[in-house]
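Inspection log for the structure reproduced underneath, given as structure tokens.
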Amino acid sequence: MVALLEPAVVDKATTLETLLETPAGKRMMTCIQCGTCAGTCPYGEHMEFAPRLVINMLRGGFIDEVIKSDSLLRCVACYACLAKCPRGIRLTDVLLPLVKEQVLVTRTEIPAEFQKSLENMHRYGNPMGESPRKRAAWTATAGTKIPILAEVKRTVDVLWFVECYPSFYARGQDNCRAVAKLFQALGVDFAILGNEEKCAGECGQVTWESGLFESLAEDNMKLFKKYQFRRIVTADAHAYNAFHFRYPMFGLTQPAEHTTQFFARHLDQLKPRLTRPVNRTVTYHDPCCLGRATGSYDEGRALLQAIPGVKLVEMVHNRVNSICCGGGGGGMWLDTYYKQKGMERLSERRVREAVATGADVLAVSCPYEISRFEDALKTVPHDKPMVVRDVVELLAESLA
Amino acid sequence: MKPIVPKKNEPVRIGFYICHCGTNIASVVDVEAVAKYAATLPNVAVSRTYKYMCSDPGQELIQQDIQESRLNRIVVAACSPLLHEHTFRKATEAGGLNPFYFQMVNIREHDSWVHTDRTEATRKAMALARAAIQRVPHHKPLEVKKVGINPNVLIVGGGIGGIHAALTLANAGKMVYLVEKEATIGGHMAKFDKTFPTLDCAMCVLSPKMAAIGSHPNIHLWTYSEVAKVDGYVGNFKVTVRRKPRYILEDLCTGCQECVNACVYKDAKFADEFNLGLGKRKPIFLPFPQAIPPVTMIDPEVCLNFKRGKNPDGSHTVSDKCKKTCVEACGDRKAIDFKQTQEIKEITVGTIIVATGFQIFDARRIPYYGYGVYPNVYNALEVERLINASGPTEGEVILRNGQVPKKVAIVHCVGSRDENTNRWCSRVCCLYSLKLAHLIKEHTHAEVYNFYIDMRTPGKGMEEFYNRIAEEGMHLIRGRVADVYPDPNDGATGRLVVQAEDTLTNKILKIPVDMVVLATGLEPHPEAESLRRMFNLSCSSEGWFLERHPKLAPVNTFTDGIFLAGCCQGPKDIPDTVAQAGAAAAEAFALIDKGHVEQEPNTAYILDDCCGCKSCIPLCPYTAISFAEDTKKAIINETLCKGCGTCVASCPSGSIVQNLFEDVEIYSEIDGVLAEGLF
Amino acid sequence: MANATQSPLPNSTWKPRIVAFFCNWCTYTAADLAGVSRMKHFSNVRIIRLMCSGRVDPQFVLEALAKGADAVLIGGCHPNDCHYVEGNYKCLRRYQMLKRMIADMGIEPERLRLEWISAAEGEKLKRVVNEMVETITKLGPLGLPQKFEQWDREMEEFANHVAARDAAAGGGCAEHGTNTQPLETAHA
């Protein structure tokens, strides 16, 4: 894959007006209008201005027409266009967010559900509008003491950034309990931020409103500066993406890891502890923010294959060609809107592929996917039962 | 003109000439100012500017001044010496001076073309001119060394390029060694069915040439052989060729193939390389019916008479476990030799033509096209074999399940024009895709969809060909295919969906097809890097062999006496390959016909001051330096010396001198380029 | 004495002077390629063509620095690509020695650079030249000729001083036997 985000190609100050002067913009000048981006886009057929056309409208000086349309409300920031672009053009993380921001500023009608979640993020630091004081409430159910940085008052090895969905959603909390169990099994020196933590700001670079992202990032950065830790580990692929690519621009110096990457790195220590067989056929869904965005395809699969009894099967679309669950780029809060517009839910498209593999378990590694795929399984017909599990949940299940 | 022999102690009189090169130099460098500056320097008798120094009047100017102004040194500031040093040496000589009383200053490639500031560029030109003006008084008259050329030619690669070059030279009476890595010559062209734009049968035009190679008295054809080592230099290359064992004695085999029929394997069951694994062959086989030489070979990896697996040295051990029905069938001809080992041949040739070709892009590198995953995804070369009457299906375009496809998609630019794989346009794919579209339609009456980014059909008759194919009713869709996946509604049949944006209608197309053909691009041969090292060639960053000049020396390399032909230099079609092969043959012939090469007299020699420390002796890569026991001094064999100057730089007593690059000459250049006020 | 080791301050008109020794087959050709491709770069590098980087006598480098160059760039073929088999390797060995030597002479090692640039690498040539000019611009002038002059003056002054002192002592040249005497006096 050509395109991994280097800070040199995106600058916080870049706007649509200045974009074509930047290194990333000069790449856009090399676009050959082949249409791979539009062809691979999961909602390409529903866009008046698919990515190819967005580039050409920008180059031709007609970007205002794109901003007036609702085409980019239909972008789920899945990185497919960027990953396959034969010119390595930074669509998902550079061009499209800049256009989206203008759409948000200019459009009179923004889908209410989406509007609400942006407001919630701003006001409560989480998109669902839950009380920030309850953010660490799940720790009571963890079955073990979860250390909080403000209380431990020392340098810890791992800052576990829990994020919103794992903190507040019941199925997300399953993920938290699994991570806690695995950390404990490995003897990891970790702590969480507790109620101080705020949403990392989605993927950061695919946010709709750079001001909102900046305020969230600055709040979190204050905490990161206040405490001492050696690395950030998070189970949320979107947060990982933000920490990996965007937060360094705000001064983050510690490395960030996704839980699958962290556990895969410690697989030698973990593997002897994985003794309880999980006799299931499992298919693995590549999260966009982990797979196409960072090239991290193997970690999730390596962890699954380390579990005794697991038989791994692949869906038709996998790795670089994986299909998005539809939750990225704000898609998480646009389901109603998509339905109104007669668009198929991508989670259902994905689940149909999972069902076709004959697997018992659809393994995921991003908290958005749990709820999206579980919902989709309610509507997609399947003869054989199928459950959705995070990779870490399956690992924890296998721990003796 | 009568030669001028400078008298001893005659004062040095330099003629300095600066070229405008039209506006190439003069637009950036103030040539008048440089000429004025040069005139002020010691020993400069004449200082002039001229529009084009390399033109005849420009050269005559030098000759005239030598005679009229009694010049005895010439400095020309113009382009790179690699381009015109020779020209001006000739002019100097024509004026009556020894040609080595000349020095060139590069103010075009190294100055006017790479700088924009006129003041800075002019200063640089002045400094470089001063260096040459200070250097040239130290020049000495030298003689060009002539070395005879061995008239034999080595051609590496037996594809259409190598075949054409070999026949051209052999017909002209030159002895040619044609070395081919595979067991037969013919290369990629032998696998094609028809060729664009004429749609004439590839083998019909190729096989007579192949046969001519096989029977030509002036051609030593060594197939299943590789060049292992190249030493020497233009006119006199020493080449080592390794002939791999095919376990058949070429001289004795008549090509009757009775051994193949008699093999204990009644059915062919091993993947046939020539048909890209689409067909099957036996352990003893003829690569393809028209193979040249028409000699069978044995695959020791699968033949029962060999132990499985290679020995550490790459050889195979005979197991003697087979009934050897093949040997029985061969009878008195006794052409089968299980104990054959590799044979090392050493030859001397004067010139070499490298025509090692290309490899097709491995489509597995683009996972979303499903090559190697879905059986109905083919690469274009496989389809050529399916269409070919002598191919595995005898010319029937059928899928692996035996069905005839009703809808076929051809995907252009697979592994071309893509930053993720290869950046270059492979040049032939658009045209061969149109050809395949025509042939598939002709064979199957299928609906054919061509997905292209840009339709590139330059060349004689090519646009007309495009027009003809379009008229036949192909679907030509402008959009790069983004995804190929099994039809979710019809998965069991192996039907695939090809998804792409039709960029001209703004529609996303999802077209169900029975067969997908990937128009895979061309890429450098995997062994190009080791070949490059062996022949001391240069490669472009993509890995294609680099020609000496993209326009004016397209078949020459940076190594004298080695020429390029065909796709090893870059993607090209058959007509261009043949044209280039002919050009390479002509270049080789021109060298041979001249009978000798002139070598720069930049060799080194040893002064009487040599103290006999011997430290230079091991440094010489050509073992040109030896130690004279009688005088206790080192001596340099001038014919072996190649003029690198490494020994000169190492001599602790400063007793070695390199002609044309004497220490004093270089010191005066150093002093010259550092002139005050010129930075 | 402090002044003797201080470099003359870069003034606004100062530009680095860099002498380059390029081999005929690779790096000189790469510089030609940069020209043909119109790759603009700084004009401060003056190229001297040699047949092989193996011809670069360490004295050429020292001579260039002594004659006023601020830096020296040597360009040769990549390892295993030398037109003369291994001249570039010989050059590398001399370069390693020179690096240590100029460091001992108090010259920044950045002022000597060896690069392998093949005939196809016009782009690399441009990059190396530009980098080198930028590096040397930051380092400032080396100014060895000026230093030599200054050292000569100091030596002369010192010699005059010694002569004057000896004259004052009234003894002309010190006798061998009394060699230690002035030293002891000096220490006292």
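Each chain in the structure tokens gets a letter, A, B and so on, in the order shown; residues start at 1 in every chain, and ligands are counted from 1 in the order they appear.
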Please determine the contact residues of chain B with respect to chain C at a cut-off of 7 Å, counting only C-alpha atoms, and supply them as a short mmCIF file (atom, residue, chain, number, x, y, z; two decimals) with C-alpha atoms, in the first residue's frame.
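Written file, iface09.cif:
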```cif
data_model
loop_
_atom_site.label_atom_id
_atom_site.label_comp_id
_atom_site.auth_asym_id
_atom_site.auth_seq_id
_atom_site.Cartn_x
_atom_site.Cartn_y
_atom_site.Cartn_z
CA SER B 80 29.50 17.14 -22.24
CA GLU B 109 24.84 19.62 -19.01
CA HIS B 110 26.76 20.77 -15.94
CA TRP B 113 20.89 23.28 -18.19
CA VAL B 114 20.96 22.97 -14.40
CA HIS B 115 21.25 26.56 -13.25
CA GLU B 120 26.24 32.28 -11.05
CA ALA B 121 26.16 30.19 -14.23
CA LYS B 124 30.86 28.69 -13.03
CA ARG B 533 26.03 -7.01 -12.93
CA ASN B 536 28.27 -4.28 -16.35
CA SER B 538 23.08 0.17 -16.01
CA CYS B 539 19.41 -0.12 -15.14
CA SER B 540 16.70 2.49 -14.94
CA PRO B 621 42.07 -5.56 -11.24
CA CYS B 644 41.38 3.48 -14.17
CA GLY B 645 44.26 5.16 -12.36
CA THR B 646 43.85 3.31 -9.08
CA VAL B 648 48.49 6.02 -9.65
CA ALA B 649 46.56 7.20 -6.63
CA SER B 650 48.22 4.62 -4.42
CA ILE B 670 41.73 22.02 -8.87
CA ASP B 671 43.48 25.36 -8.81
CA VAL B 673 37.99 25.69 -10.50
CA LEU B 674 38.75 27.41 -7.22
CA PHE B 679 31.74 31.57 -6.73
#
```
Exercise. Which of segment 258-342 of chain A counts as strand (DSSP E or B) under DSSP, as a list in words please?
Worked result: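 So the strand (DSSP E or B) residues in segment 258-342 of chain A would be His258, Leu274, Thr281, Val282, Thr283, Tyr284, Lys311, Leu312 and Val313 of chain A.
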Residues from the last selection, C-alpha atoms, saved as a PDB file, in the first residue's frame:
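Generated file (again-v1.pdb):
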```pdb
ATOM      1  CA  HIS A 258      -4.459  -1.369  19.021  1.00  0.00           C
ATOM      2  CA  LEU A 274      -4.666 -20.213  25.739  1.00  0.00           C
ATOM      3  CA  THR A 281     -15.342 -21.872  12.710  1.00  0.00           C
ATOM      4  CA  VAL A 282     -14.436 -18.205  12.714  1.00  0.00           C
ATOM      5  CA  THR A 283     -14.317 -15.627   9.961  1.00  0.00           C
ATOM      6  CA  TYR A 284     -12.450 -12.389  10.533  1.00  0.00           C
ATOM      7  CA  LYS A 311     -10.859 -22.858  12.346  1.00  0.00           C
ATOM      8  CA  LEU A 312     -10.316 -19.650  10.399  1.00  0.00           C
ATOM      9  CA  VAL A 313     -12.172 -19.127   7.144  1.00  0.00           C
TER      10      VAL A 313
END
```
For this session: Would you kindly return, as a list in words, each protein, DNA or RNA residue with an atom no farther than 8 Å from any atom of Val162 of chain A, considering only C-alpha atoms and excluding same-chain residues fewer than 6 positions away?
Result: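 In the requested form, the answer reads Cys176, Ile192, Thr234, Ala235 and Asp236 of chain A.
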Please write the residues from the selection above to a file, keeping C-alpha atoms, as an mmCIF file, in the first residue's frame.
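Heads up, here's the output in out.cif:
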```cif
data_model
loop_
_atom_site.group_PDB
_atom_site.id
_atom_site.type_symbol
_atom_site.label_atom_id
_atom_site.label_comp_id
_atom_site.auth_asym_id
_atom_site.auth_seq_id
_atom_site.Cartn_x
_atom_site.Cartn_y
_atom_site.Cartn_z
ATOM 1 C CA CYS A 176 -13.405 -4.226 28.345
ATOM 2 C CA ILE A 192 -7.089 3.933 32.564
ATOM 3 C CA THR A 234 -6.885 1.005 22.839
ATOM 4 C CA ALA A 235 -9.459 -1.503 21.673
ATOM 5 C CA ASP A 236 -11.115 1.082 19.421
#
```
Problem set entry | Polymer residues at most 9 Å from Ile160 of chain B, only C-alpha atoms, same-chain spacing of 6 or more positions, as a list in words |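 Close residues of Ile160 of chain B: Ile185, Gly186, Gly187, His188, Met189, Ala190, Leu206, Lys209, Met210, Ala355, Gly566, Ile574, Thr577, Val578 and Ala581 of chain B.
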Grab the residues selected above and save them as an mmCIF file, in the first residue's frame with N, CA and C atoms.
```cif
data_model
loop_
_atom_site.group_PDB
_atom_site.id
_atom_site.type_symbol
_atom_site.label_atom_id
_atom_site.label_comp_id
_atom_site.auth_asym_id
_atom_site.auth_seq_id
_atom_site.Cartn_x
_atom_site.Cartn_y
_atom_site.Cartn_z
ATOM 1 N N ILE B 185 14.171 -22.056 -28.309
ATOM 2 C CA ILE B 185 14.085 -20.631 -28.585
ATOM 3 C C ILE B 185 12.638 -20.297 -28.955
ATOM 4 N N GLY B 186 12.360 -19.038 -29.143
ATOM 5 C CA GLY B 186 11.002 -18.613 -29.510
ATOM 6 C C GLY B 186 10.439 -17.591 -28.545
ATOM 7 N N GLY B 187 10.835 -17.705 -27.271
ATOM 8 C CA GLY B 187 10.431 -16.708 -26.271
ATOM 9 C C GLY B 187 8.937 -16.569 -26.136
ATOM 10 N N HIS B 188 8.515 -15.372 -25.744
ATOM 11 C CA HIS B 188 7.090 -15.137 -25.547
ATOM 12 C C HIS B 188 6.320 -15.213 -26.862
ATOM 13 N N MET B 189 6.957 -14.779 -27.941
ATOM 14 C CA MET B 189 6.224 -14.712 -29.207
ATOM 15 C C MET B 189 5.705 -16.081 -29.623
ATOM 16 N N ALA B 190 6.477 -17.131 -29.296
ATOM 17 C CA ALA B 190 6.063 -18.475 -29.682
ATOM 18 C C ALA B 190 4.770 -18.901 -28.986
ATOM 19 N N LEU B 206 7.126 -16.771 -37.137
ATOM 20 C CA LEU B 206 8.281 -17.031 -36.271
ATOM 21 C C LEU B 206 8.967 -18.354 -36.585
ATOM 22 N N LYS B 209 11.884 -18.598 -38.989
ATOM 23 C CA LYS B 209 13.099 -17.971 -38.461
ATOM 24 C C LYS B 209 13.748 -18.880 -37.426
ATOM 25 N N MET B 210 12.915 -19.532 -36.596
ATOM 26 C CA MET B 210 13.452 -20.453 -35.597
ATOM 27 C C MET B 210 14.181 -21.599 -36.286
ATOM 28 N N ALA B 355 19.442 -9.632 -25.207
ATOM 29 C CA ALA B 355 18.027 -9.602 -25.626
ATOM 30 C C ALA B 355 17.261 -10.542 -24.707
ATOM 31 N N GLY B 566 15.138 -5.408 -27.748
ATOM 32 C CA GLY B 566 13.877 -5.941 -27.246
ATOM 33 C C GLY B 566 13.487 -5.432 -25.872
ATOM 34 N N ILE B 574 6.332 -6.342 -31.079
ATOM 35 C CA ILE B 574 7.212 -7.163 -31.914
ATOM 36 C C ILE B 574 7.904 -6.331 -32.996
ATOM 37 N N THR B 577 10.701 -4.476 -31.441
ATOM 38 C CA THR B 577 11.753 -5.377 -30.977
ATOM 39 C C THR B 577 12.622 -5.801 -32.148
ATOM 40 N N VAL B 578 11.968 -6.157 -33.256
ATOM 41 C CA VAL B 578 12.724 -6.607 -34.425
ATOM 42 C C VAL B 578 13.566 -5.457 -34.982
ATOM 43 N N ALA B 581 16.448 -5.057 -32.713
ATOM 44 C CA ALA B 581 17.388 -6.166 -32.863
ATOM 45 C C ALA B 581 18.234 -5.961 -34.118
#
```
For this session: List every residue of segment 9-213 of chain A that DSSP, applied to the backbone of this structure, assigns to helix (DSSP H, G or I), and report them as a PyMOL selection string.
Result: chain A and resi 9+19-21+23-28+36-40+44-46+51-60+63-68+71-74+80-84+91-106+112-124+132-134+137-141+149-152+164-168+170-186+194-196+210-213
Could I get the residues of chain A with an atom no further than 12 Å from an atom of chain B, each paired with its nearest atom pair and that distance in Å to one decimal, using only C-alpha atoms, sorted by chain and residue number, as JSON lines?
```
{"residue": "A:Met1", "atom": "CA", "partner": "B:Asn420", "partner_atom": "CA", "distance": 6.0}
{"residue": "A:Val2", "atom": "CA", "partner": "B:Asn420", "partner_atom": "CA", "distance": 5.9}
{"residue": "A:Ala3", "atom": "CA", "partner": "B:Asn420", "partner_atom": "CA", "distance": 9.1}
{"residue": "A:Arg27", "atom": "CA", "partner": "B:Glu419", "partner_atom": "CA", "distance": 11.3}
{"residue": "A:Thr30", "atom": "CA", "partner": "B:Glu419", "partner_atom": "CA", "distance": 11.3}
{"residue": "A:Cys31", "atom": "CA", "partner": "B:Arg417", "partner_atom": "CA", "distance": 11.1}
{"residue": "A:Ile32", "atom": "CA", "partner": "B:Ile453", "partner_atom": "CA", "distance": 7.8}
{"residue": "A:Gln33", "atom": "CA", "partner": "B:Thr503", "partner_atom": "CA", "distance": 7.5}
{"residue": "A:Cys34", "atom": "CA", "partner": "B:Gly479", "partner_atom": "CA", "distance": 5.1}
{"residue": "A:Gly35", "atom": "CA", "partner": "B:Gly479", "partner_atom": "CA", "distance": 5.3}
{"residue": "A:Thr36", "atom": "CA", "partner": "B:Ala482", "partner_atom": "CA", "distance": 4.9}
{"residue": "A:Cys37", "atom": "CA", "partner": "B:Ala482", "partner_atom": "CA", "distance": 7.4}
{"residue": "A:Ala38", "atom": "CA", "partner": "B:Glu501", "partner_atom": "CA", "distance": 5.9}
{"residue": "A:Gly39", "atom": "CA", "partner": "B:Ala500", "partner_atom": "CA", "distance": 4.3}
{"residue": "A:Thr40", "atom": "CA", "partner": "B:Ala482", "partner_atom": "CA", "distance": 5.0}
{"residue": "A:Cys41", "atom": "CA", "partner": "B:Ala482", "partner_atom": "CA", "distance": 8.8}
{"residue": "A:Pro42", "atom": "CA", "partner": "B:Ile508", "partner_atom": "CA", "distance": 10.5}
{"residue": "A:Tyr43", "atom": "CA", "partner": "B:Ile508", "partner_atom": "CA", "distance": 9.8}
{"residue": "A:Gly44", "atom": "CA", "partner": "B:Ile508", "partner_atom": "CA", "distance": 6.9}
{"residue": "A:Glu45", "atom": "CA", "partner": "B:Ile508", "partner_atom": "CA", "distance": 5.4}
{"residue": "A:His46", "atom": "CA", "partner": "B:Ile508", "partner_atom": "CA", "distance": 9.1}
{"residue": "A:Met47", "atom": "CA", "partner": "B:Asn506", "partner_atom": "CA", "distance": 9.6}
{"residue": "A:Glu48", "atom": "CA", "partner": "B:Asn506", "partner_atom": "CA", "distance": 8.4}
{"residue": "A:Phe49", "atom": "CA", "partner": "B:Asn506", "partner_atom": "CA", "distance": 8.7}
{"residue": "A:Ala50", "atom": "CA", "partner": "B:Asn506", "partner_atom": "CA", "distance": 8.4}
{"residue": "A:Pro51", "atom": "CA", "partner": "B:Glu501", "partner_atom": "CA", "distance": 10.8}
{"residue": "A:Arg52", "atom": "CA", "partner": "B:Thr503", "partner_atom": "CA", "distance": 8.4}
{"residue": "A:Leu53", "atom": "CA", "partner": "B:Asn506", "partner_atom": "CA", "distance": 8.6}
{"residue": "A:Asn56", "atom": "CA", "partner": "B:Thr503", "partner_atom": "CA", "distance": 11.5}
{"residue": "A:Ala80", "atom": "CA", "partner": "B:Ala482", "partner_atom": "CA", "distance": 9.6}
{"residue": "A:Cys81", "atom": "CA", "partner": "B:Ala482", "partner_atom": "CA", "distance": 9.1}
{"residue": "A:Leu82", "atom": "CA", "partner": "B:Asn420", "partner_atom": "CA", "distance": 11.0}
{"residue": "A:Ala83", "atom": "CA", "partner": "B:Asn420", "partner_atom": "CA", "distance": 8.9}
{"residue": "A:Lys84", "atom": "CA", "partner": "B:Ala482", "partner_atom": "CA", "distance": 7.7}
{"residue": "A:Cys85", "atom": "CA", "partner": "B:Asp418", "partner_atom": "CA", "distance": 7.8}
{"residue": "A:Pro86", "atom": "CA", "partner": "B:Asp418", "partner_atom": "CA", "distance": 4.1}
{"residue": "A:Arg87", "atom": "CA", "partner": "B:Glu419", "partner_atom": "CA", "distance": 5.5}
{"residue": "A:Gly88", "atom": "CA", "partner": "B:Glu419", "partner_atom": "CA", "distance": 6.4}
{"residue": "A:Ile89", "atom": "CA", "partner": "B:Glu419", "partner_atom": "CA", "distance": 9.9}
{"residue": "A:Glu314", "atom": "CA", "partner": "B:Val373", "partner_atom": "CA", "distance": 11.9}
{"residue": "A:Met315", "atom": "CA", "partner": "B:Tyr485", "partner_atom": "CA", "distance": 10.7}
{"residue": "A:Val316", "atom": "CA", "partner": "B:Tyr485", "partner_atom": "CA", "distance": 6.9}
{"residue": "A:His317", "atom": "CA", "partner": "B:Tyr485", "partner_atom": "CA", "distance": 7.8}
{"residue": "A:Asn318", "atom": "CA", "partner": "B:Tyr368", "partner_atom": "CA", "distance": 8.9}
{"residue": "A:Arg319", "atom": "CA", "partner": "B:Pro367", "partner_atom": "CA", "distance": 8.9}
{"residue": "A:Val320", "atom": "CA", "partner": "B:Tyr368", "partner_atom": "CA", "distance": 7.7}
{"residue": "A:Asn321", "atom": "CA", "partner": "B:Tyr368", "partner_atom": "CA", "distance": 5.9}
{"residue": "A:Ser322", "atom": "CA", "partner": "B:Tyr368", "partner_atom": "CA", "distance": 9.5}
{"residue": "A:Ile323", "atom": "CA", "partner": "B:Asp483", "partner_atom": "CA", "distance": 11.2}
{"residue": "A:Arg349", "atom": "CA", "partner": "B:Pro488", "partner_atom": "CA", "distance": 10.5}
{"residue": "A:Arg350", "atom": "CA", "partner": "B:Pro488", "partner_atom": "CA", "distance": 11.9}
{"residue": "A:Arg352", "atom": "CA", "partner": "B:Pro488", "partner_atom": "CA", "distance": 9.3}
{"residue": "A:Glu353", "atom": "CA", "partner": "B:Pro488", "partner_atom": "CA", "distance": 8.7}
{"residue": "A:Val355", "atom": "CA", "partner": "B:Pro488", "partner_atom": "CA", "distance": 11.9}
{"residue": "A:Ala356", "atom": "CA", "partner": "B:Pro488", "partner_atom": "CA", "distance": 9.2}
{"residue": "A:Thr357", "atom": "CA", "partner": "B:Gly491", "partner_atom": "CA", "distance": 11.9}
```
Exercise. Could you pull the residues within 7 Å of Ser398 of chain A, counting only C-alpha atoms, minus those fewer than 2 positions along the same chain, as a list of chain:residue names?
Worked result: A:Leu274, A:Thr275, A:Arg276, A:Pro277, A:Val278, A:Ile307, A:Leu394, A:Leu395, A:Ala396, A:Ala400
